[in-house]
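Enquirer: Input structure: work.txt, which contains compact mmCIF, C-alpha atoms.
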# COMPACT_ATOMS: atom_id res chain seq x y z
CA MET A 745 114.18 5.40 176.14
CA PHE A 746 116.17 8.37 177.51
CA GLN A 747 118.73 6.44 179.56
CA ARG A 748 122.41 6.90 178.78
CA SER A 749 123.20 5.14 175.55
CA GLY A 750 125.96 5.12 172.97
CA ILE A 751 123.57 6.04 170.22
CA LEU A 752 122.63 9.32 171.90
CA SER A 753 126.32 10.25 172.17
CA ASP A 754 126.48 10.32 168.37
CA GLN A 755 126.30 13.94 167.12
CA GLY A 756 124.38 13.05 163.98
CA PHE A 757 121.75 11.02 165.78
CA ARG A 758 121.34 13.71 168.48
CA ASN A 759 120.54 16.30 165.84
CA LEU A 760 118.16 13.94 164.06
CA PHE A 761 116.56 13.25 167.44
CA ALA A 762 116.16 17.01 168.06
CA ALA A 763 114.74 17.52 164.57
CA THR A 764 112.28 14.69 165.14
CA ALA A 765 111.19 16.12 168.49
CA THR A 766 110.64 19.60 167.06
CA SER A 767 108.80 18.25 164.04
CA ALA A 768 106.62 15.98 166.17
CA ALA A 769 105.68 18.85 168.47
CA SER A 770 104.76 21.04 165.50
CA VAL A 771 102.83 18.41 163.58
CA SER A 772 100.89 17.45 166.72
CA VAL A 773 99.23 20.87 166.50
CA ALA A 774 98.50 20.42 162.79
CA ARG A 775 97.15 16.92 163.36
CA ILE A 776 94.25 18.22 165.39
CA ALA A 777 93.95 21.54 163.53
CA ILE A 778 93.55 20.16 159.98
CA PRO A 779 90.26 18.29 160.56
CA LEU A 780 89.00 21.03 162.89
CA VAL A 781 89.51 23.66 160.18
CA ALA A 782 87.04 21.69 158.08
CA VAL A 783 84.66 20.81 160.94
CA MET A 784 84.55 24.11 162.83
CA ALA A 785 86.00 26.89 160.67
CA LEU A 786 84.49 25.86 157.34
CA ASN A 787 81.56 23.84 158.77
CA VAL A 788 81.47 21.26 155.97
CA GLY A 789 79.74 17.87 156.00
CA GLU A 790 81.00 14.45 157.05
CA PHE A 791 82.04 13.36 153.57
CA GLU A 792 84.02 16.59 152.97
CA VAL A 793 85.84 16.06 156.29
CA GLY A 794 86.76 12.58 155.09
CA LEU A 795 88.05 14.07 151.82
CA VAL A 796 90.44 16.34 153.74
CA SER A 797 92.17 13.27 155.19
CA THR A 798 91.94 11.62 151.77
CA PHE A 799 93.83 14.44 150.03
CA LEU A 800 96.40 14.46 152.83
CA THR A 801 97.40 10.85 152.14
CA LEU A 802 96.60 10.64 148.40
CA PRO A 803 100.18 11.58 147.36
CA PHE A 804 101.44 8.23 148.67
CA LEU A 805 99.40 6.69 145.87
CA LEU A 806 100.29 9.32 143.26
CA VAL A 807 104.03 9.87 143.80
CA GLY A 808 105.04 7.20 146.31
CA LEU A 809 107.01 5.01 143.90
CA PRO A 810 108.87 7.81 142.03
CA ALA A 811 109.80 9.29 145.42
CA GLY A 812 111.81 6.16 146.21
CA VAL A 813 113.82 6.51 143.00
CA TRP A 814 114.70 10.14 143.77
CA VAL A 815 115.63 9.26 147.36
CA ASP A 816 118.10 6.68 146.04
CA ARG A 817 119.49 9.18 143.51
CA LEU A 818 120.01 12.17 145.84
CA ARG A 819 121.54 12.85 149.22
CA ARG A 820 118.85 12.01 151.74
CA ARG A 821 119.72 14.72 154.26
CA SER A 822 119.14 17.40 151.60
CA ILE A 823 115.71 15.92 150.86
CA LEU A 824 114.81 16.04 154.56
CA VAL A 825 115.76 19.72 154.84
CA LEU A 826 113.89 20.77 151.70
CA CYS A 827 110.77 18.83 152.71
CA GLN A 828 110.65 20.42 156.17
CA LEU A 829 110.96 23.91 154.70
CA GLY A 830 108.36 23.05 152.05
CA ARG A 831 105.90 21.78 154.65
CA ALA A 832 106.39 24.93 156.74
CA LEU A 833 105.69 27.22 153.78
CA ILE A 834 102.68 25.26 152.54
CA LEU A 835 100.90 25.22 155.91
CA PHE A 836 101.54 28.93 156.37
CA PHE A 837 99.12 29.56 153.48
CA ILE A 838 96.19 28.46 155.69
CA PRO A 839 96.37 31.38 158.16
CA VAL A 840 97.21 33.77 155.31
CA ALA A 841 94.07 32.74 153.40
CA TRP A 842 92.05 32.89 156.63
CA TRP A 843 93.22 36.43 157.39
CA MET A 844 92.26 37.41 153.82
CA ASN A 845 88.78 35.87 154.31
CA SER A 846 89.35 33.65 151.28
CA LEU A 847 89.89 30.20 152.82
CA SER A 848 87.61 27.61 151.23
CA ILE A 849 87.35 23.83 151.41
CA TRP A 850 88.90 23.55 147.93
CA GLN A 851 91.89 25.61 149.00
CA LEU A 852 92.24 23.35 152.03
CA TYR A 853 92.18 20.30 149.73
CA ILE A 854 95.02 21.74 147.61
CA ILE A 855 97.09 22.72 150.65
CA VAL A 856 96.85 19.32 152.32
CA LEU A 857 97.56 17.61 148.97
CA LEU A 858 100.83 19.56 148.60
CA PHE A 859 101.63 19.01 152.28
CA GLY A 860 101.04 15.29 151.77
CA ALA A 861 103.41 15.25 148.76
CA CYS A 862 106.17 16.67 150.96
CA ASN A 863 105.30 14.03 153.57
CA VAL A 864 105.91 11.29 150.99
CA PHE A 865 109.44 12.40 150.17
CA PHE A 866 110.25 13.20 153.81
CA ASP A 867 109.07 9.84 155.17
CA VAL A 868 110.84 7.77 152.50
CA ALA A 869 114.09 9.73 152.94
CA TYR A 870 113.79 9.58 156.77
CA GLN A 871 113.48 5.79 156.86
CA SER A 872 116.29 5.41 154.31
CA TYR A 873 118.66 7.88 156.01
CA LEU A 874 118.69 6.31 159.47
CA PRO A 875 120.63 3.09 158.65
CA SER A 876 123.42 5.08 156.94
CA LEU A 877 123.58 7.49 159.88
CA ILE A 878 123.83 5.00 162.76
CA GLY A 879 124.47 1.60 161.15
CA ARG A 880 122.10 -1.32 160.62
CA GLU A 881 123.00 -3.01 163.90
CA LYS A 882 121.48 -0.05 165.77
CA VAL A 883 118.29 0.52 163.75
CA LEU A 884 115.98 -1.16 166.28
CA GLU A 885 117.37 1.03 169.09
CA GLY A 886 117.32 4.12 166.88
CA ASN A 887 113.76 3.56 165.70
CA ALA A 888 112.63 2.94 169.27
CA LYS A 889 114.15 6.22 170.50
CA LEU A 890 112.85 8.27 167.58
CA THR A 891 109.40 6.72 167.93
CA GLY A 892 109.58 7.37 171.65
CA VAL A 893 110.09 11.10 171.26
CA GLN A 894 107.30 11.18 168.68
CA GLN A 895 105.02 9.48 171.19
CA VAL A 896 105.92 12.01 173.89
CA PHE A 897 104.28 14.62 171.69
CA ALA A 898 101.52 12.23 170.69
CA VAL A 899 100.63 12.30 174.40
CA GLY A 900 101.06 15.98 175.20
CA GLY A 901 100.78 17.40 171.70
CA PRO A 902 97.03 17.01 171.08
CA SER A 903 96.17 18.55 174.45
CA ILE A 904 98.50 21.47 173.80
CA GLY A 905 97.31 21.59 170.20
CA GLY A 906 93.70 21.71 171.34
CA GLN A 907 94.51 24.65 173.60
CA VAL A 908 96.41 26.40 170.79
CA VAL A 909 93.46 25.87 168.43
CA GLY A 910 91.06 27.14 171.08
CA LEU A 911 93.23 30.22 171.71
CA LEU A 912 94.27 31.11 168.15
CA THR A 913 91.50 29.35 166.14
CA ALA A 914 92.28 26.33 163.98
CA PRO A 915 93.53 28.26 160.89
CA VAL A 916 95.89 30.56 162.82
CA SER A 917 97.40 27.68 164.81
CA PHE A 918 99.33 26.64 161.69
CA VAL A 919 101.73 29.53 162.30
CA VAL A 920 103.06 27.53 165.27
CA THR A 921 103.48 24.44 163.10
CA SER A 922 105.31 26.35 160.36
CA ILE A 923 107.82 27.84 162.80
CA GLY A 924 108.48 24.43 164.37
CA LEU A 925 109.10 22.75 161.01
CA ALA A 926 111.55 25.49 160.03
CA ILE A 927 113.49 24.93 163.28
CA SER A 928 113.49 21.18 162.60
CA SER A 929 115.15 21.77 159.22
CA LEU A 930 117.95 23.70 160.97
CA CYS A 931 118.57 20.75 163.30
CA ILE A 932 118.98 18.45 160.30
CA LEU A 933 121.39 20.92 158.69
CA ARG A 934 123.57 20.65 161.82
CA ILE A 935 124.25 16.93 161.21
CA ARG A 936 127.96 16.69 160.37
CA THR A 937 128.03 13.02 159.38
CA VAL A 938 129.18 12.80 155.77
CA GLU A 939 126.62 10.98 153.65
CA LYS A 940 127.94 8.71 150.92
CA GLU A 941 127.37 10.05 147.43
CA PRO A 942 124.60 8.02 145.71
CA VAL A 943 125.84 6.05 142.71
CA ARG A 944 123.64 6.46 139.67
CA LYS A 945 124.27 4.61 136.44
CA THR A 946 124.06 6.73 133.30
CA GLU A 947 121.54 4.34 131.76
CA SER A 948 119.19 4.53 134.76
CA ARG A 949 115.53 5.05 133.92
CA MET A 950 112.70 5.96 136.27
CA LEU A 951 110.41 3.03 135.36
CA ARG A 952 113.27 0.54 135.42
CA GLU A 953 114.33 1.67 138.90
CA ILE A 954 110.74 1.57 140.16
CA ARG A 955 110.41 -2.01 138.88
CA ALA A 956 113.64 -2.94 140.68
CA GLY A 957 112.18 -1.70 143.97
CA LEU A 958 108.91 -3.54 143.37
CA TYR A 959 110.84 -6.72 142.58
CA GLN A 960 112.80 -6.51 145.83
CA VAL A 961 109.51 -6.53 147.75
CA ARG A 962 107.66 -9.05 145.56
CA ARG A 963 110.34 -11.72 145.85
CA ASN A 964 110.51 -11.49 149.65
CA THR A 965 107.54 -13.19 151.33
CA ARG A 966 108.40 -11.56 154.67
CA LEU A 967 108.19 -8.04 153.24
CA LEU A 968 104.94 -8.93 151.49
CA ALA A 969 103.43 -10.15 154.77
CA ILE A 970 104.49 -6.97 156.55
CA ALA A 971 102.99 -4.92 153.73
CA GLY A 972 99.70 -6.82 153.96
CA SER A 973 99.23 -6.38 157.70
CA THR A 974 100.38 -2.76 157.66
CA ALA A 975 98.02 -1.93 154.77
CA LEU A 976 95.05 -3.41 156.63
CA LEU A 977 96.04 -1.55 159.79
CA ASN A 978 96.39 1.77 157.97
CA LEU A 979 93.17 1.36 156.01
CA THR A 980 91.10 0.77 159.12
CA SER A 981 93.04 3.19 161.36
CA TYR A 982 92.46 6.13 159.04
CA ALA A 983 88.79 5.26 158.75
CA VAL A 984 88.60 5.10 162.56
CA TYR A 985 90.49 8.39 163.03
CA THR A 986 88.30 10.27 160.54
CA VAL A 987 85.12 9.06 162.21
CA THR A 988 86.56 9.64 165.70
CA MET A 989 87.03 13.35 165.03
CA LEU A 990 83.43 13.60 163.81
CA PHE A 991 82.18 11.52 166.75
CA LEU A 992 83.96 13.64 169.35
CA ALA A 993 83.20 17.03 167.79
CA ARG A 994 79.60 16.50 166.67
CA THR A 995 78.06 13.48 168.39
CA LEU A 996 79.55 14.24 171.83
CA ASN A 997 79.91 18.02 171.23
CA LEU A 998 83.37 18.21 172.81
CA SER A 999 85.43 21.40 172.66
CA PRO A 1000 88.84 21.44 170.89
CA GLY A 1001 90.53 21.37 174.29
CA LEU A 1002 88.66 18.23 175.40
CA ILE A 1003 89.28 16.55 172.04
CA GLY A 1004 92.99 17.24 172.48
CA LEU A 1005 92.90 15.89 176.03
CA PHE A 1006 91.15 12.72 174.83
CA LEU A 1007 93.85 12.17 172.19
CA SER A 1008 96.56 12.83 174.79
CA VAL A 1009 95.15 10.24 177.19
CA SER A 1010 95.01 7.76 174.33
CA GLY A 1011 98.59 8.64 173.37
CA VAL A 1012 99.99 7.53 176.73
CA GLY A 1013 99.80 3.96 175.48
CA GLY A 1014 101.90 4.85 172.46
CA LEU A 1015 104.54 6.38 174.72
CA LEU A 1016 104.69 3.21 176.82
CA GLY A 1017 104.93 1.19 173.63
CA ALA A 1018 108.00 3.16 172.56
CA PHE A 1019 109.67 2.37 175.92
CA VAL A 1020 109.20 -1.40 175.61
CA SER A 1021 109.03 -2.05 171.86
CA ARG A 1022 112.65 -3.10 171.59
CA ARG A 1023 112.35 -5.38 174.64
CA ILE A 1024 109.16 -7.03 173.33
CA SER A 1025 110.68 -7.58 169.89
CA GLU A 1026 113.82 -9.15 171.34
CA LYS A 1027 111.89 -11.27 173.87
CA LEU A 1028 109.20 -12.67 171.57
CA GLY A 1029 111.04 -12.45 168.28
CA ALA A 1030 110.22 -10.09 165.42
CA GLY A 1031 107.51 -12.19 163.78
CA PRO A 1032 105.55 -13.25 166.89
CA ALA A 1033 105.82 -9.73 168.32
CA MET A 1034 104.16 -8.26 165.22
CA TRP A 1035 101.18 -10.57 164.84
CA LEU A 1036 100.55 -11.12 168.57
CA ILE A 1037 100.50 -7.42 169.35
CA LEU A 1038 98.03 -6.78 166.52
CA PHE A 1039 95.83 -9.70 167.57
CA LEU A 1040 95.68 -8.68 171.23
CA GLY A 1041 95.57 -4.89 170.87
CA SER A 1042 93.13 -4.19 168.04
CA PRO A 1043 89.89 -5.21 169.82
CA PHE A 1044 90.29 -2.42 172.39
CA ALA A 1045 89.31 0.09 169.68
CA LEU A 1046 85.74 -1.28 169.99
CA ALA A 1047 85.26 0.57 173.30
CA LEU A 1048 84.88 4.10 171.89
CA PRO A 1049 81.61 3.55 169.95
CA PHE A 1050 79.88 2.71 173.26
CA ALA A 1051 81.19 5.81 175.07
CA GLY A 1052 79.19 8.84 176.15
CA SER A 1053 80.36 12.25 177.31
CA GLY A 1054 80.95 11.16 180.93
CA TRP A 1055 83.31 8.70 182.58
CA THR A 1056 82.81 6.17 179.78
CA LEU A 1057 84.60 8.58 177.41
CA TRP A 1058 87.76 8.44 179.49
CA LEU A 1059 87.50 4.69 179.88
CA ALA A 1060 87.38 4.52 176.08
CA ALA A 1061 90.40 6.84 175.93
CA CYS A 1062 92.34 4.35 178.07
CA ALA A 1063 91.22 1.50 175.79
CA ASN A 1064 92.41 3.53 172.81
CA GLY A 1065 95.70 3.88 174.64
CA ILE A 1066 96.12 0.10 174.51
CA THR A 1067 95.50 0.21 170.78
CA ALA A 1068 98.11 3.00 170.49
CA PHE A 1069 100.54 0.83 172.48
CA MET A 1070 99.97 -1.97 169.98
CA THR A 1071 100.46 0.29 166.98
CA VAL A 1072 103.78 1.70 168.19
CA VAL A 1073 105.29 -1.68 169.09
CA TYR A 1074 104.20 -3.05 165.73
CA ASN A 1075 105.52 -0.07 163.75
CA VAL A 1076 108.95 -0.03 165.44
CA THR A 1077 109.35 -3.75 164.75
CA GLN A 1078 108.12 -3.75 161.15
CA VAL A 1079 110.14 -0.68 160.12
CA SER A 1080 113.30 -2.14 161.66
CA CYS A 1081 112.72 -5.47 159.89
CA THR A 1082 112.25 -3.72 156.56
CA GLN A 1083 115.47 -1.71 157.00
CA VAL A 1084 117.49 -4.79 157.95
CA LEU A 1085 116.09 -6.91 155.11
CA THR A 1086 116.89 -4.35 152.40
CA PRO A 1087 120.24 -3.74 150.65
CA ASP A 1088 121.63 -0.20 150.94
CA GLU A 1089 121.23 0.73 147.29
CA PHE A 1090 117.54 -0.27 147.33
CA LEU A 1091 116.53 1.31 150.64
CA GLY A 1092 114.81 4.33 149.10
CA ARG A 1093 112.89 2.29 146.54
CA VAL A 1094 111.93 -0.49 148.92
CA ASN A 1095 110.79 1.98 151.57
CA ALA A 1096 108.84 3.84 148.88
CA THR A 1097 107.31 0.58 147.63
CA MET A 1098 106.32 -0.40 151.16
CA ARG A 1099 104.89 3.09 151.71
CA PHE A 1100 103.03 2.83 148.39
CA LEU A 1101 101.52 -0.52 149.33
CA THR A 1102 100.70 0.41 152.92
CA TRP A 1103 99.99 4.16 152.86
CA SER A 1104 98.13 4.44 149.55
CA VAL A 1105 95.18 2.77 151.29
CA MET A 1106 94.96 5.60 153.83
CA PRO A 1107 93.03 8.01 151.57
CA ILE A 1108 90.65 5.16 150.82
CA GLY A 1109 90.23 4.55 154.55
CA SER A 1110 89.57 8.24 155.22
CA MET A 1111 87.03 8.42 152.41
CA LEU A 1112 85.31 5.21 153.52
CA GLY A 1113 85.22 6.46 157.12
CA GLY A 1114 83.62 9.75 156.08
CA ALA A 1115 81.13 7.98 153.80
CA ALA A 1116 80.25 5.43 156.49
CA ALA A 1117 79.70 8.22 159.03
CA GLY A 1118 77.36 10.01 156.63
CA TRP A 1119 75.45 6.81 155.86
CA LEU A 1120 75.33 5.01 159.23
CA GLY A 1121 76.05 7.85 161.64
CA PRO A 1122 79.39 8.43 163.45
CA ARG A 1123 78.80 5.97 166.32
CA GLU A 1124 77.75 3.04 164.14
CA ALA A 1125 80.46 3.75 161.56
CA LEU A 1126 83.07 3.87 164.30
CA PHE A 1127 82.08 0.39 165.47
CA VAL A 1128 82.25 -1.07 161.94
CA CYS A 1129 85.67 0.45 161.22
CA ALA A 1130 87.09 -0.64 164.60
CA ALA A 1131 85.82 -4.19 164.07
CA ALA A 1132 87.54 -4.35 160.67
CA SER A 1133 90.87 -3.37 162.28
CA CYS A 1134 90.87 -6.66 164.22
CA LEU A 1135 91.78 -8.51 161.00
CA ALA A 1136 95.15 -6.79 160.51
CA PHE A 1137 97.19 -9.60 162.11
CA ILE A 1138 96.17 -12.21 159.51
CA PRO A 1139 98.77 -11.64 156.69
CA ILE A 1140 101.70 -12.01 159.11
CA PHE A 1141 100.06 -14.91 160.96
CA VAL A 1142 99.74 -16.99 157.76
CA SER A 1143 103.27 -16.14 156.54
CA PRO A 1144 106.76 -17.48 157.44
CA LEU A 1145 107.03 -14.57 159.90
CA ARG A 1146 104.60 -16.23 162.32
CA ASN A 1147 107.32 -18.18 164.21
CA MET A 1148 110.34 -16.17 163.09
CA ARG A 1149 112.32 -14.91 166.06
CA GLU A 1150 115.35 -13.34 164.37
CA VAL A 1151 115.67 -11.58 161.04
CA ARG A 1152 119.12 -10.78 159.78
CA ARG A 1153 120.77 -9.60 156.64
CA GLN A 1154 123.72 -11.46 155.15
CA THR A 1155 126.16 -10.10 152.60
CA ARG A 1156 127.86 -12.10 149.86
CA THR A 1157 130.99 -10.02 149.54
CA ALA A 1158 132.50 -12.18 146.80
CA LEU A 1159 129.77 -11.26 144.34
CA GLY A 1160 128.97 -7.87 145.80
CA LYS A 1161 125.34 -8.97 146.12
CA HIS A 1162 122.98 -8.84 149.08
CA ARG A 1163 120.55 -11.42 150.25
CA CYS A 1164 118.21 -11.74 153.19
CA SER A 1165 117.87 -14.75 155.44
CA ALA A 1166 115.83 -15.63 158.47
CA VAL A 1167 116.44 -17.85 161.45
CA GLN A 1168 113.30 -19.73 162.44
CA GLN A 1169 112.83 -20.98 165.98
CA PRO A 1170 109.75 -21.91 167.98
CA ALA A 1171 107.89 -18.91 169.30
CA ALA A 1172 108.44 -18.14 172.94
Can you turn what I pasted into structure tokens?
Expert:
Amino acid sequence: MFQRSGILSDQGFRNLFAATATSAASVSVARIAIPLVAVMALNVGEFEVGLVSTFLTLPFLLVGLPAGVWVDRLRRRSILVLCQLGRALILFFIPVAWWMNSLSIWQLYIIVLLFGACNVFFDVAYQSYLPSLIGREKVLEGNAKLTGVQQVFAVGGPSIGGQVVGLLTAPVSFVVTSIGLAISSLCILRIRTVEKEPVRKTESRMLREIRAGLYQVRRNTRLLAIAGSTALLNLTSYAVYTVTMLFLARTLNLSPGLIGLFLSVSGVGGLLGAFVSRRISEKLGAGPAMWLILFLGSPFALALPFAGSGWTLWLAACANGITAFMTVVYNVTQVSCTQVLTPDEFLGRVNATMRFLTWSVMPIGSMLGGAAAGWLGPREALFVCAAASCLAFIPIFVSPLRNMREVRRQTRTALGKHRCSAVQQPAA
């Protein structure tokens, strides 16, 4: 991942890489602190903990599609900067309210809802900005490197975050996150690559542009298959994550530091996945790499429900690491495929449509996870949610992507139109 490469010699990509690293380090603290504010600081029930994760991801359902239109209308770098500053300011309200002894679960809901809205615009702009920054021929390499640095902090971040939460308390730890996000925005501002001015027709209408993005996805069976598998993966993953935090904190009575260490051990697999995702995708082909990795990796999530507080916990952490490996390889491949298959002028709307289809299920997963934990108990609910995740490979497996080794985008320059084509070969 960090070997000498032409892409890292590019000034724009280096600054985006630095911004991603700083943001990932900061958010890794928030990732463990947000549920722990509800569990430990506010001491709410299982269902309320699930609602915190629900409100965090609900904006993908509420504003996901309009976000794609605005990303195609505006300069994407400006959106990235504003979203980072917005996220920093919003999270800073948590320690402020805590110091004023006024923090409540309803305030936390509002804060994470606003934070999630910024996440929507940031993520759509981020995925749409990369191809224009480095070129489509380098998106697989770029996504692998950016995912790699994110996984570095997925490994070390939760452990550090757990220590920060233990030292400062969960509410106060958001000061660290806010500072990091502000620094990340400065790194993005340093990018000197000139972004092409978006072309907007005077007769453009929000609903018409949203429909155009939906049509781009609906007419492409490959994008629909990716959306189906990713939606199933996100639905079950968020249910599993919500229940996991309850299971570790309440069933096993682990401290924030041990919870962070558990997540760090699990994250090692994601880091390894970032190292080899490009190689796996090129060796197996994009389609086989996606469904095979989901099929083989998902069952390892079934280990955690059988774990106790001793050595079996760390064995389960290693098994979760295999699942994390699977998730990273899958995500790098599917994001790269989506970017390559989409014309430039539709990137924001198609990315937003894919996010809408695949991320809008996350609040449902969080809510179902919290409800299942309250009804069945954390251990039993964790098993049910992990078992459901084993079905995520099916939409890609039954689609034309199953044996598709190479996906490429062709351009009809005579008509100024774009079309996508695929080269099908037997799977390796």
Enquirer: For atom CA of Gly1041 of chain A and atom CA of Leu1145 of chain A, quote the distance in Å rounded to one decimal.
Expert: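 Separation between atom CA of Gly1041 of chain A and atom CA of Leu1145 of chain A: 18.6 Å.
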Enquirer: What's the separation between atom CA of Arg775 of chain A and atom CA of Ala1136 of chain A, in Å to one decimal place?
Expert: 24.0 Å
Enquirer: What is the atom CA of Gly1029 of chain A-atom CA of Met1148 of chain A distance in Å, reported with one decimal?
Expert: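 Computed distance, atom CA of Gly1029 of chain A to atom CA of Met1148 of chain A, equals 6.4 Å.
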Enquirer: Which residue gives the smallest distance to Pro1139 of chain A among A:Ala969, A:Pro1107, A:Leu1015, A:Ser1080, with only C-alpha atoms counted?
Expert: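 Looking only at the distances to Pro1139 of chain A, the closest residue turns out to be A:Ala969.
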Enquirer: Just the residues within 8 Å of Ile1066 of chain A, please, counting all atoms listed in the file, with nothing from its chain fewer than 2 positions along; format it as a list of chain:residue names.
Expert: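 In the requested form, the answer reads A:Ser1010, A:Gly1013, A:Gly1014, A:Gly1041, A:Phe1044, A:Cys1062, A:Ala1063, A:Asn1064, A:Ala1068, A:Phe1069, A:Met1070.
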Enquirer: I'd like to know which of A:Thr1067, A:Thr798, A:Thr1082, A:Ser876 is closest to Leu1112 of chain A, using all atoms listed in the file.
Expert: A:Thr798
Enquirer: Write out as a tab-separated table (two decimals) with C-alpha atoms, in the frame of the given file the residues lying within 10 Å of Ser1053 of chain A, counting only C-alpha atoms and excluding same-chain residues fewer than 5 positions away.
Expert:
chain	number	residue	atom	x	y	z
A	992	LEU	CA	83.96	13.64	169.35
A	995	THR	CA	78.06	13.48	168.39
A	996	LEU	CA	79.55	14.24	171.83
A	997	ASN	CA	79.91	18.02	171.23
A	998	LEU	CA	83.37	18.21	172.81
A	1058	TRP	CA	87.76	8.44	179.49
Enquirer: Give me, as a PyMOL selection string, all polymer residues having an atom no more than 8 Å from Ser872 of chain A, counting only C-alpha atoms and skipping those fewer than 5 positions away in the same chain.
Expert: chain A and resi 815+820+1083+1091-1092+1095
Enquirer: Please identify all polymer residues lying at most 7 Å from the point (109.7, -1.8, 146.6) (file coordinates), using all atoms listed in the file, and present the result as a compact mmCIF listing (two decimals) with C-alpha atoms, keeping the file's coordinate frame.
Expert:
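And here is the file that came out, part34.txt:
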# COMPACT_ATOMS: atom_id res chain seq x y z
CA GLY A 957 112.18 -1.70 143.97
CA LEU A 958 108.91 -3.54 143.37
CA TYR A 959 110.84 -6.72 142.58
CA GLN A 960 112.80 -6.51 145.83
CA VAL A 961 109.51 -6.53 147.75
CA ARG A 1093 112.89 2.29 146.54
CA VAL A 1094 111.93 -0.49 148.92
CA ASN A 1095 110.79 1.98 151.57
CA ALA A 1096 108.84 3.84 148.88
CA THR A 1097 107.31 0.58 147.63
CA MET A 1098 106.32 -0.40 151.16
Enquirer: Write out as an NGL selection string the residues lying within 12 Å of Ser848 of chain A, counting only C-alpha atoms and excluding same-chain residues fewer than 4 positions away.
Expert: :A and (781-782 or 785-788 or 792 or 796 or 837-839 or 841-842 or 844 or 852-855 or 915)
Enquirer: Closest to Val1020 of chain A among A:Thr1077, A:Thr937, A:Gln894, A:Ser770, using all atoms listed in the file?
Expert: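 Checking each of A:Thr1077, A:Thr937, A:Gln894, A:Ser770 against Val1020 of chain A, counting all atoms listed in the file, the winner is A:Thr1077.
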Enquirer: Around (112.5, 4.1, 174.6) in the file's own coordinates, what residues are found within 8 Å if you use all atoms listed in the file, given back as a list in words?
Expert: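 Returned residue set, sorted by chain then number, is Met745, Phe746, Glu885, Ala888, Lys889, Thr891, Gly892, Ala1018, Phe1019, Val1020, Ser1021 and Arg1022 of chain A.
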Enquirer: Pick from A:Lys882, A:Arg955, A:Arg963, A:Arg821: nearest to Ile751 of chain A, with only C-alpha atoms counted?
Expert: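 That would be A:Lys882, the residue with the smallest distance to Ile751 of chain A.
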Enquirer: Identify, on the basis of all atoms listed in the file, every residue whose closest approach to Leu858 of chain A does not exceed 12 Å; exclude the query and any residue fewer than 6 positions from it along the same chain; express the result as a list in words.
Expert: Phe799, Leu800, Thr801, Leu802, Pro803, Phe804, Leu806, Val807, Cys827, Gly830, Arg831, Ala832, Leu833, Ile834, Leu835, Phe837, Gln851, Leu852, Val864 and Phe865 of chain A
Enquirer: Take every atom of segment 880-893 of chain A listed in the file, fit an axis-aligned box around them, add 6 Å per side, and give the centre and edge lengths in Å to one decimal as lines of an AutoDock Vina configuration file.
Expert:
center_x = 116.2
center_y = 4.0
center_z = 166.1
size_x = 25.6
size_y = 26.1
size_z = 23.0
Enquirer: Please determine, counting all atoms listed in the file, which residue among A:Thr980, A:Ser999, A:Ser1042, A:Gln1078 has the shortest atom-to-atom distance to Leu1126 of chain A.
Expert: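 Answer, going by the shortest atom-to-atom distance: A:Thr980.
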Enquirer: Let me make sure I understand: among A:Val1012, A:Ile935, A:Val773, A:Ile1003, which one has the smallest atom-to-atom distance to Asp754 of chain A if we use all atoms listed in the file?
Expert: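 Closest residue, counting all atoms listed in the file: A:Ile935.
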